[in-house]
$ cat final20.json   # JSON, C-alpha atoms
[["chain", "number", "residue", "atom", "x", "y", "z"],
["O", 4, "MET", "CA", -55.71, 26.12, -84.87],
["O", 5, "MET", "CA", -59.45, 26.49, -85.35],
["O", 6, "ARG", "CA", -61.37, 26.86, -82.08],
["O", 7, "LEU", "CA", -64.79, 25.24, -81.75],
["O", 8, "ALA", "CA", -67.27, 24.76, -78.93],
["O", 9, "GLY", "CA", -69.48, 21.68, -78.77],
["O", 10, "ILE", "CA", -72.69, 21.65, -76.74],
["O", 11, "SER", "CA", -74.30, 18.44, -75.52],
["O", 12, "ARG", "CA", -78.06, 17.93, -75.29],
["O", 13, "ASP", "CA", -79.62, 18.21, -71.87],
["O", 14, "GLN", "CA", -80.99, 14.88, -70.66],
["O", 15, "ALA", "CA", -84.35, 16.57, -70.17],
["O", 16, "PHE", "CA", -84.64, 16.56, -73.98],
["O", 17, "SER", "CA", -83.29, 13.04, -74.51],
["O", 18, "PRO", "CA", -85.55, 10.08, -73.87],
["O", 19, "ALA", "CA", -83.94, 7.81, -71.27],
["O", 20, "GLN", "CA", -83.04, 5.16, -73.84],
["O", 21, "HIS", "CA", -81.25, 7.72, -76.05],
["O", 22, "ALA", "CA", -79.36, 9.85, -73.49],
["O", 23, "ASP", "CA", -76.11, 7.87, -73.76],
["O", 24, "ASN", "CA", -76.34, 7.69, -77.55],
["O", 25, "ASP", "CA", -76.82, 11.47, -77.76],
["O", 26, "ARG", "CA", -73.76, 12.00, -75.58],
["O", 27, "LEU", "CA", -71.66, 9.55, -77.59],
["O", 28, "ILE", "CA", -72.33, 11.08, -81.02],
["O", 29, "LEU", "CA", -71.31, 14.52, -79.74],
["O", 30, "GLU", "CA", -68.14, 13.17, -78.13],
["O", 31, "LEU", "CA", -67.20, 11.22, -81.27],
["O", 32, "THR", "CA", -67.76, 14.33, -83.39],
["O", 33, "ALA", "CA", -65.46, 16.29, -81.07],
["O", 34, "LYS", "CA", -62.79, 13.58, -81.44],
["O", 35, "ALA", "CA", -63.13, 13.66, -85.23],
["O", 36, "LEU", "CA", -62.62, 17.41, -85.20],
["O", 37, "ARG", "CA", -59.60, 17.17, -82.92],
["O", 38, "ARG", "CA", -57.99, 14.59, -85.21],
["O", 39, "ARG", "CA", -58.19, 17.23, -87.93],
["O", 40, "GLY", "CA", -56.35, 19.75, -85.78],
["O", 41, "ALA", "CA", -59.25, 21.65, -84.24],
["O", 42, "ASP", "CA", -59.25, 22.89, -80.65],
["O", 43, "VAL", "CA", -62.60, 21.74, -79.21],
["O", 44, "GLU", "CA", -64.09, 22.65, -75.85],
["O", 45, "LEU", "CA", -67.28, 20.92, -74.73],
["O", 46, "TYR", "CA", -70.19, 22.48, -72.84],
["O", 47, "SER", "CA", -73.45, 21.17, -71.48],
["O", 48, "GLU", "CA", -76.74, 22.66, -72.61],
["O", 49, "ARG", "CA", -77.33, 23.99, -69.10],
["O", 50, "GLU", "CA", -74.08, 25.95, -69.24],
["O", 51, "VAL", "CA", -75.20, 27.96, -72.28],
["O", 52, "GLY", "CA", -75.76, 31.54, -71.12],
["O", 53, "ARG", "CA", -73.97, 30.87, -67.83],
["O", 54, "ARG", "CA", -70.48, 29.96, -69.05],
["O", 55, "PRO", "CA", -68.86, 32.22, -71.67],
["O", 56, "ILE", "CA", -68.44, 30.74, -75.16],
["O", 57, "ASP", "CA", -65.76, 32.57, -77.09],
["O", 58, "ALA", "CA", -65.23, 30.19, -80.01],
["O", 59, "PRO", "CA", -66.12, 31.50, -83.49],
["O", 60, "VAL", "CA", -67.76, 28.15, -84.38],
["O", 61, "VAL", "CA", -70.22, 26.14, -82.29],
["O", 62, "PHE", "CA", -71.67, 22.70, -82.97],
["O", 63, "SER", "CA", -74.74, 22.11, -80.89],
["O", 64, "MET", "CA", -77.27, 19.44, -79.97],
["O", 65, "CYS", "CA", -79.33, 21.87, -77.84],
["O", 66, "GLN", "CA", -83.09, 21.52, -78.10],
["O", 67, "GLY", "CA", -84.39, 23.60, -75.20],
["O", 68, "PRO", "CA", -85.80, 27.05, -75.97],
["O", 69, "GLY", "CA", -83.62, 28.78, -73.34],
["O", 70, "ALA", "CA", -80.29, 27.54, -74.69],
["O", 71, "ASN", "CA", -81.33, 28.14, -78.29],
["O", 72, "ALA", "CA", -82.32, 31.72, -77.47],
["O", 73, "GLU", "CA", -78.78, 32.24, -76.16],
["O", 74, "LEU", "CA", -77.30, 30.69, -79.29],
["O", 75, "ILE", "CA", -79.35, 33.03, -81.46],
["O", 76, "LYS", "CA", -77.60, 35.89, -79.64],
["O", 77, "LEU", "CA", -74.23, 34.36, -80.54],
["O", 78, "GLU", "CA", -75.30, 34.05, -84.19],
["O", 79, "ARG", "CA", -76.14, 37.75, -84.21],
["O", 80, "GLN", "CA", -72.58, 38.41, -83.04],
["O", 81, "GLY", "CA", -71.22, 36.49, -86.04],
["O", 82, "VAL", "CA", -70.72, 33.05, -84.50],
["O", 83, "LEU", "CA", -71.46, 30.06, -86.73],
["O", 84, "VAL", "CA", -73.75, 27.52, -85.04],
["O", 85, "VAL", "CA", -74.34, 24.03, -86.52],
["O", 86, "ASN", "CA", -77.24, 23.23, -86.44],
["O", 87, "SER", "CA", -78.51, 26.78, -86.32],
["O", 88, "PRO", "CA", -80.85, 27.34, -83.35],
["O", 89, "ARG", "CA", -83.47, 28.61, -85.80],
["O", 90, "ALA", "CA", -83.24, 25.33, -87.69],
["O", 91, "VAL", "CA", -83.68, 23.47, -84.40],
["O", 92, "GLN", "CA", -86.80, 25.49, -83.67],
["O", 93, "SER", "CA", -88.14, 24.66, -87.13],
["O", 94, "CYS", "CA", -88.22, 21.02, -85.99],
["O", 95, "TYR", "CA", -90.61, 21.81, -83.15],
["O", 96, "ARG", "CA", -93.74, 20.01, -84.26],
["O", 97, "ALA", "CA", -95.99, 23.07, -84.15],
["O", 98, "ASN", "CA", -93.59, 24.83, -86.53],
["O", 99, "LEU", "CA", -93.30, 21.74, -88.70],
["O", 100, "ALA", "CA", -97.08, 21.59, -88.98],
["O", 101, "HIS", "CA", -97.21, 25.07, -90.53],
["O", 102, "ARG", "CA", -94.65, 23.93, -93.11],
["O", 103, "ALA", "CA", -96.60, 20.77, -94.00],
["O", 104, "ALA", "CA", -99.06, 22.61, -96.23],
["O", 105, "ARG", "CA", -96.15, 23.59, -98.54],
["O", 106, "HIS", "CA", -94.40, 20.21, -98.71],
["O", 107, "GLU", "CA", -96.13, 17.15, -100.09],
["O", 108, "ILE", "CA", -93.62, 14.85, -98.41],
["O", 109, "LEU", "CA", -94.68, 16.10, -94.97],
["O", 110, "ALA", "CA", -97.73, 14.37, -93.51],
["O", 111, "PRO", "CA", -100.58, 16.78, -92.68],
["O", 112, "MET", "CA", -100.81, 17.71, -89.01],
["O", 113, "ALA", "CA", -102.95, 20.17, -87.09],
["O", 114, "VAL", "CA", -101.76, 22.40, -84.24],
["O", 115, "ILE", "CA", -104.10, 22.51, -81.27],
["O", 116, "PRO", "CA", -104.06, 24.18, -77.83],
["O", 117, "THR", "CA", -103.89, 21.37, -75.29],
["O", 118, "ARG", "CA", -106.69, 22.99, -73.27],
["O", 119, "ALA", "CA", -109.04, 23.21, -76.26],
["O", 120, "PRO", "CA", -109.65, 19.69, -77.62],
["O", 121, "ALA", "CA", -112.75, 20.82, -79.51],
["O", 122, "ALA", "CA", -110.49, 22.87, -81.83],
["O", 123, "VAL", "CA", -110.02, 19.69, -83.90],
["O", 124, "ARG", "CA", -112.77, 17.14, -84.44],
["O", 125, "LEU", "CA", -111.72, 13.56, -84.96],
["O", 126, "GLN", "CA", -113.41, 11.29, -87.48],
["O", 127, "PRO", "CA", -115.09, 8.40, -85.68],
["O", 128, "GLY", "CA", -113.46, 5.02, -86.21],
["O", 129, "ARG", "CA", -110.06, 6.47, -87.20],
["O", 130, "THR", "CA", -106.79, 6.34, -85.29],
["O", 131, "TYR", "CA", -104.76, 9.47, -84.56],
["O", 132, "TRP", "CA", -101.52, 10.46, -82.89],
["O", 133, "VAL", "CA", -101.29, 13.29, -80.36],
["O", 134, "LYS", "CA", -97.77, 14.71, -79.92],
["O", 135, "ARG", "CA", -96.41, 17.57, -77.86],
["O", 136, "GLY", "CA", -95.93, 20.59, -80.09],
["O", 137, "ASP", "CA", -92.50, 21.78, -79.06],
["O", 138, "VAL", "CA", -89.50, 19.56, -78.35],
["O", 139, "HIS", "CA", -89.49, 15.89, -79.27],
["O", 140, "ALA", "CA", -90.62, 13.11, -77.00],
["O", 141, "THR", "CA", -88.83, 13.15, -73.65],
["O", 142, "GLU", "CA", -91.09, 10.85, -71.62],
["O", 143, "PRO", "CA", -94.12, 8.57, -72.00],
["O", 144, "GLY", "CA", -97.20, 10.54, -72.97],
["O", 145, "ASP", "CA", -95.38, 13.00, -75.22],
["O", 146, "VAL", "CA", -96.55, 10.87, -78.15],
["O", 147, "ALA", "CA", -99.84, 9.02, -77.72],
["O", 148, "ARG", "CA", -101.89, 6.88, -80.07],
["O", 149, "VAL", "CA", -105.61, 7.58, -79.64],
["O", 150, "ASP", "CA", -108.48, 5.47, -80.95],
["O", 151, "SER", "CA", -111.40, 7.40, -79.49],
["O", 152, "GLU", "CA", -112.55, 10.89, -78.55],
["O", 153, "ALA", "CA", -112.09, 10.05, -74.86],
["O", 154, "GLU", "CA", -108.47, 8.95, -75.38],
["O", 155, "TYR", "CA", -107.83, 12.09, -77.43],
["O", 156, "VAL", "CA", -109.16, 14.41, -74.71],
["O", 157, "ALA", "CA", -107.19, 12.51, -72.04],
["O", 158, "ALA", "CA", -103.93, 12.74, -74.03],
["O", 159, "LEU", "CA", -104.30, 16.50, -74.38],
["O", 160, "ALA", "CA", -105.16, 16.84, -70.69],
["O", 161, "ARG", "CA", -101.99, 14.99, -69.70],
["O", 162, "LEU", "CA", -99.87, 17.35, -71.79],
["O", 163, "ALA", "CA", -101.67, 20.41, -70.42],
["O", 164, "SER", "CA", -101.12, 19.21, -66.83],
["O", 165, "ARG", "CA", -97.37, 19.22, -67.51],
["O", 166, "GLY", "CA", -97.38, 22.76, -68.87],
["O", 167, "VAL", "CA", -97.27, 21.83, -72.56],
["O", 168, "ASP", "CA", -99.43, 24.47, -74.28],
["O", 169, "GLN", "CA", -99.60, 23.10, -77.82],
["O", 170, "ALA", "CA", -99.92, 19.70, -79.41],
["O", 171, "VAL", "CA", -100.12, 18.44, -82.96],
["O", 172, "VAL", "CA", -102.64, 15.88, -84.15],
["O", 173, "GLN", "CA", -101.80, 13.52, -87.02],
["O", 174, "ARG", "CA", -103.99, 10.89, -88.58],
["O", 175, "HIS", "CA", -102.49, 7.41, -88.37],
["O", 176, "LEU", "CA", -100.88, 6.34, -91.64],
["O", 177, "GLU", "CA", -100.78, 2.70, -92.68],
["O", 178, "GLY", "CA", -97.42, 1.39, -93.81],
["O", 179, "THR", "CA", -93.86, 0.73, -92.67],
["O", 180, "VAL", "CA", -92.29, 3.27, -90.32],
["O", 181, "VAL", "CA", -88.80, 4.14, -91.57],
["O", 182, "LYS", "CA", -86.20, 6.01, -89.55],
["O", 183, "PHE", "CA", -83.75, 8.09, -91.61],
["O", 184, "TYR", "CA", -80.50, 9.92, -90.88],
["O", 185, "GLY", "CA", -78.37, 12.26, -92.96],
["O", 186, "VAL", "CA", -75.69, 14.93, -93.16],
["O", 187, "VAL", "CA", -76.33, 17.56, -95.82],
["O", 188, "GLY", "CA", -73.55, 17.93, -98.37],
["O", 189, "THR", "CA", -72.06, 14.48, -97.74],
["O", 190, "ARG", "CA", -72.68, 10.96, -98.99],
["O", 191, "PHE", "CA", -74.23, 10.00, -95.67],
["O", 192, "PHE", "CA", -77.91, 8.94, -95.81],
["O", 193, "ARG", "CA", -79.01, 5.90, -93.84],
["O", 194, "PHE", "CA", -82.43, 4.44, -93.14],
["O", 195, "TYR", "CA", -84.03, 1.34, -91.69],
["O", 196, "CYS", "CA", -87.37, -0.06, -90.60],
["O", 197, "GLU", "CA", -88.35, 0.96, -87.10],
["O", 198, "GLN", "CA", -89.12, -2.65, -86.20],
["O", 199, "ASP", "CA", -85.76, -4.01, -87.41],
["O", 200, "HIS", "CA", -82.68, -1.82, -87.92],
["O", 201, "LYS", "CA", -81.14, -4.50, -90.15],
["O", 202, "VAL", "CA", -83.88, -4.04, -92.76],
["O", 203, "ALA", "CA", -83.56, -1.09, -95.16],
["O", 204, "PRO", "CA", -86.43, -0.89, -97.69],
["O", 205, "VAL", "CA", -84.93, -0.29, -101.13],
["O", 206, "ASP", "CA", -87.91, 1.82, -102.22],
["O", 207, "PHE", "CA", -87.02, 4.45, -99.63],
["O", 208, "ARG", "CA", -83.68, 5.43, -101.17],
["O", 209, "ALA", "CA", -85.31, 7.65, -103.80],
["O", 210, "THR", "CA", -86.78, 9.73, -100.99],
["O", 211, "ARG", "CA", -83.42, 11.25, -100.11],
["O", 212, "ARG", "CA", -83.73, 14.08, -102.62],
["O", 213, "PRO", "CA", -87.10, 15.46, -101.44],
["O", 214, "ILE", "CA", -86.10, 14.95, -97.81],
["O", 215, "GLU", "CA", -82.91, 16.94, -98.30],
["O", 216, "ARG", "CA", -84.82, 19.69, -100.10],
["O", 217, "LEU", "CA", -87.01, 19.92, -97.02],
["O", 218, "VAL", "CA", -84.22, 19.91, -94.43],
["O", 219, "ARG", "CA", -82.16, 22.44, -96.39],
["O", 220, "GLN", "CA", -85.15, 24.77, -96.39],
["O", 221, "MET", "CA", -85.41, 24.24, -92.65],
["O", 222, "GLY", "CA", -81.73, 25.17, -92.30],
["O", 223, "LEU", "CA", -80.56, 21.80, -90.99],
["O", 224, "ILE", "CA", -77.17, 20.23, -91.72],
["O", 225, "VAL", "CA", -77.27, 17.24, -89.36],
["O", 226, "TYR", "CA", -80.71, 15.69, -89.42],
["O", 227, "GLY", "CA", -82.91, 12.66, -88.96],
["O", 228, "GLY", "CA", -86.57, 11.79, -88.86],
["O", 229, "ASP", "CA", -89.37, 9.32, -89.25],
["O", 230, "ALA", "CA", -91.46, 8.54, -92.30],
["O", 231, "VAL", "CA", -94.17, 6.11, -93.32],
["O", 232, "LEU", "CA", -93.65, 4.05, -96.46],
["O", 233, "ALA", "CA", -97.04, 2.95, -97.79],
["O", 234, "ASP", "CA", -97.61, -0.25, -99.75],
["O", 235, "ASP", "CA", -97.97, 1.78, -102.96],
["O", 236, "GLY", "CA", -94.51, 3.34, -102.43],
["O", 237, "GLN", "CA", -95.72, 6.75, -101.29],
["O", 238, "VAL", "CA", -93.66, 8.28, -98.49],
["O", 239, "GLN", "CA", -94.82, 10.83, -95.94],
["O", 240, "VAL", "CA", -92.50, 12.29, -93.31],
["O", 241, "ILE", "CA", -94.11, 12.41, -89.88],
["O", 242, "ASP", "CA", -91.19, 13.91, -87.89],
["O", 243, "VAL", "CA", -87.94, 15.75, -88.56],
["O", 244, "ASN", "CA", -85.22, 15.74, -85.91],
["O", 245, "ASP", "CA", -82.24, 18.00, -85.44],
["O", 246, "TRP", "CA", -79.05, 16.02, -84.81],
["O", 247, "PRO", "CA", -80.26, 12.53, -83.82],
["O", 248, "SER", "CA", -78.01, 10.00, -82.07],
["O", 249, "PHE", "CA", -77.10, 7.94, -85.19],
["O", 250, "ALA", "CA", -76.87, 5.01, -82.76],
["O", 251, "TYR", "CA", -76.34, 2.16, -85.23],
["O", 252, "PHE", "CA", -73.70, 3.97, -87.29],
["O", 253, "ARG", "CA", -72.42, 6.73, -85.04],
["O", 254, "HIS", "CA", -68.72, 6.25, -85.86],
["O", 255, "GLU", "CA", -69.20, 6.75, -89.59],
["O", 256, "ALA", "CA", -71.63, 9.59, -88.99],
["O", 257, "ALA", "CA", -69.32, 11.41, -86.57],
["O", 258, "GLU", "CA", -66.47, 11.48, -89.12],
["O", 259, "LEU", "CA", -68.68, 13.00, -91.79],
["O", 260, "ILE", "CA", -70.36, 15.41, -89.39],
["O", 261, "GLY", "CA", -66.92, 16.60, -88.32],
["O", 262, "ARG", "CA", -65.82, 17.15, -91.92],
["O", 263, "ARG", "CA", -69.02, 19.02, -92.71],
["O", 264, "ILE", "CA", -68.67, 21.26, -89.66],
["O", 265, "LEU", "CA", -65.11, 22.15, -90.68],
["O", 266, "ARG", "CA", -66.22, 22.89, -94.24],
["O", 267, "GLU", "CA", -68.97, 25.15, -92.93],
["O", 268, "ALA", "CA", -66.47, 26.79, -90.56],
["O", 269, "VAL", "CA", -63.95, 27.47, -93.31],
["O", 270, "ASP", "CA", -66.61, 28.96, -95.57],
["O", 271, "HIS", "CA", -67.98, 31.08, -92.71],
["O", 272, "LEU", "CA", -64.60, 32.38, -91.54],
["O", 273, "THR", "CA", -63.38, 33.00, -95.08],
["O", 274, "ALA", "CA", -66.48, 35.08, -95.79],
["O", 275, "ALA", "CA", -65.92, 37.00, -92.55],
["O", 276, "VAL", "CA", -62.35, 38.01, -93.44],
["O", 277, "ALA", "CA", -62.87, 38.41, -97.20],
["O", 278, "PRO", "CA", -63.62, 42.17, -97.13],
["O", 279, "ALA", "CA", -60.33, 42.74, -95.32],
["O", 280, "VAL", "CA", -58.23, 40.62, -97.65],
["O", 281, "SER", "CA", -56.31, 42.60, -100.24],
["O", 282, "PRO", "CA", -56.43, 41.27, -103.81],
["O", 283, "HIS", "CA", -52.62, 41.65, -103.81],
["O", 284, "MET", "CA", -52.11, 39.21, -100.91],
["O", 285, "PRO", "CA", -50.53, 35.85, -101.74],
["O", 286, "LEU", "CA", -53.02, 33.19, -102.73],
["O", 287, "GLY", "CA", -51.89, 30.98, -99.85],
["O", 288, "PHE", "CA", -53.18, 33.53, -97.33],
["O", 289, "ALA", "CA", -56.82, 32.57, -97.68],
["O", 290, "LEU", "CA", -58.32, 29.67, -95.73],
["O", 291, "SER", "CA", -58.76, 26.62, -97.89],
["O", 292, "ALA", "CA", -61.75, 24.33, -97.55],
["O", 293, "LYS", "CA", -59.82, 21.67, -99.48],
["O", 294, "HIS", "CA", -57.67, 21.13, -96.39],
["O", 295, "TYR", "CA", -60.67, 19.53, -94.73]]
$ encode --input "final20.json" --output "structure tokens"
Amino acid sequence: MMRLAGISRDQAFSPAQHADNDRLILELTAKALRRRGADVELYSEREVGRRPIDAPVVFSMCQGPGANAELIKLERQGVLVVNSPRAVQSCYRANLAHRAARHEILAPMAVIPTRAPAAVRLQPGRTYWVKRGDVHATEPGDVARVDSEAEYVAALARLASRGVDQAVVQRHLEGTVVKFYGVVGTRFFRFYCEQDHKVAPVDFRATRRPIERLVRQMGLIVYGGDAVLADDGQVQVIDVNDWPSFAYFRHEAAELIGRRILREAVDHLTAAVAPAVSPHMPLGFALSAKHY
């Protein structure tokens, strides 16, 4: 029986309206894995580093830097972690901003110290967004629309007063905001308009390929994000999220996430034992990904 550990996201990193949804997608994924014969033990993000994790495979929704630092230690010991903590860190907006220059699908964004608003000069008459530079929005003020220099300075000051050292600044893009969700290596890719989850713009479907190129480079397997679809059909991604809640289709998503985790686990464990496997052993000895 394959042993796995699942780690829930701390509520400090889940906006109030998403905390239950985040919990539910992890629990449903655990159930999907158990139905396929896996032994799954669940942990909270706050237990990481305090409670021993001895499973060879971990699936994690952790976002906090402390827990992810502990998971990096487990990776160095040969544990498979999905999503990798390094991939999670690549979603921190300050890190995403550095990647934007190399990916046309990513909207340009500038990283700025929250205590140095003069580091970026805004163009008068334009609207911008100021977002905390590390984890995603956890409370009001983490993402703020600003229409003037005074609002911009105030938004940065609010973040600085809460101990947030970096922010990113993005120019407002005109168009339809589309939320997207996917699981790399599966058929699952869903999207809908932010204003109405029942509306899925057909023009957005072709964006899956460049989005998956981006998230694969970031190291993500379970992913989501936000993009702006302009009237001329151009798409720019404004946020990438590690393991979103998949709220409107969590049951379907959980099944495919579970399958993907098991496939990753089989590949990882097979690679780990391969050097020790004799070429004269029976073919049935090796783990088979087809089972999952």
$ atom_distance --input "final20.json" --atom1 "CA of Val240 (chain O)" --atom2 "CA of Gly9 (chain O)"
28.8 Å
$ closest_atom_pairs --input "final20.json" --of "region 244-270 of chain O" --to "region 28-42 of chain O" --cutoff "9 Å" --atoms "only C-alpha atoms" --output "CSV"
residue,atom,partner,partner_atom,distance
O:Pro247,CA,O:Ile28,CA,8.5
O:Ser248,CA,O:Ile28,CA,5.9
O:Phe249,CA,O:Ile28,CA,7.1
O:Ala250,CA,O:Ile28,CA,7.8
O:Arg253,CA,O:Ile28,CA,5.9
O:His254,CA,O:Leu31,CA,6.9
O:Ala256,CA,O:Ile28,CA,8.1
O:Ala257,CA,O:Thr32,CA,4.6
O:Glu258,CA,O:Ala35,CA,5.6
O:Leu259,CA,O:Thr32,CA,8.6
O:Ile260,CA,O:Thr32,CA,6.6
O:Gly261,CA,O:Leu36,CA,5.4
O:Arg262,CA,O:Leu36,CA,7.4
O:Ile264,CA,O:Leu36,CA,8.4
O:Leu265,CA,O:Leu36,CA,7.7
$ closest_residue --input "final20.json" --among "O:Trp132, O:Phe191, O:Phe183, O:Trp246" --to "Ser11 (chain O)" --atoms "all atoms listed in the file"
O:Trp246
$ atom_distance --input "final20.json" --atom1 "CA of Ala163 (chain O)" --atom2 "CA of Ala119 (chain O)"
9.8 Å
$ residues_around --input "final20.json" --residues "Val167 (chain O)" --least-positions-apart "3" --cutoff "8 Å" --atoms "only C-alpha atoms" --output "list in words"
Thr117, Arg135, Gly136, Leu162, Ala163, Ser164 and Ala170 of chain O
$ closest_atom_pairs --input "final20.json" --of "region 125-199 of chain O" --to "region 93-114 of chain O" --cutoff "10 Å" --atoms "only C-alpha atoms" --output "tab-separated table"
residue	atom	partner	partner_atom	distance
O:Trp132	CA	O:Met112	CA	9.5
O:Val133	CA	O:Met112	CA	9.7
O:Lys134	CA	O:Arg96	CA	7.9
O:Arg135	CA	O:Arg96	CA	7.4
O:Gly136	CA	O:Arg96	CA	4.7
O:Asp137	CA	O:Tyr95	CA	4.5
O:Val138	CA	O:Tyr95	CA	5.4
O:His139	CA	O:Tyr95	CA	7.2
O:Gln169	CA	O:Val114	CA	6.8
O:Ala170	CA	O:Val114	CA	5.8
O:Val171	CA	O:Val114	CA	4.5
O:Val172	CA	O:Ala113	CA	5.2
O:Gln173	CA	O:Met112	CA	4.7
O:Arg174	CA	O:Met112	CA	7.5
O:His175	CA	O:Ala110	CA	9.9
O:Leu176	CA	O:Ala110	CA	8.8
$ residues_around --input "final20.json" --residues "region 47-58 of chain O" --least-positions-apart "2" --cutoff "7 Å" --atoms "all atoms listed in the file" --output "list in words"
Arg6, Leu7, Ala8, Ile10, Ser11, Arg12, Asp13, Leu45, Val60, Val61, Cys65, Ala70 and Glu73 of chain O
$ closest_residue --input "final20.json" --among "O:Gln14, O:Ser151, O:Asn86, O:Gln126" --to "Tyr226 (chain O)" --atoms "all atoms listed in the file"
O:Asn86
$ closest_residue --input "final20.json" --among "O:Val156, O:Ile115, O:Val243, O:Ala122" --to "Glu215 (chain O)" --atoms "all atoms listed in the file"
O:Val243
$ residues_around --input "final20.json" --residues "Leu74 (chain O)" --least-positions-apart "3" --cutoff "10 Å" --atoms "only C-alpha atoms" --output "list in words"
Val51, Gly52, Ile56, Val61, Ser63, Cys65, Pro68, Gly69, Ala70, Asn71, Leu77, Glu78, Arg79, Gln80, Val82, Leu83, Val84, Ser87, Pro88 and Arg89 of chain O
$ residues_around --input "final20.json" --residues "Asp199 (chain O)" --least-positions-apart "4" --cutoff "12 Å" --atoms "all atoms listed in the file" --output "number ranges by chain"
O: 179-182, 194-195, 203-204, 251
$ atom_distance --input "final20.json" --atom1 "CA of Arg148 (chain O)" --atom2 "CA of Tyr131 (chain O)"
5.9 Å
$ closest_residue --input "final20.json" --among "O:Asn244, O:Gly188, O:Met4, O:Val218" --to "Ser17 (chain O)" --atoms "only C-alpha atoms"
O:Asn244
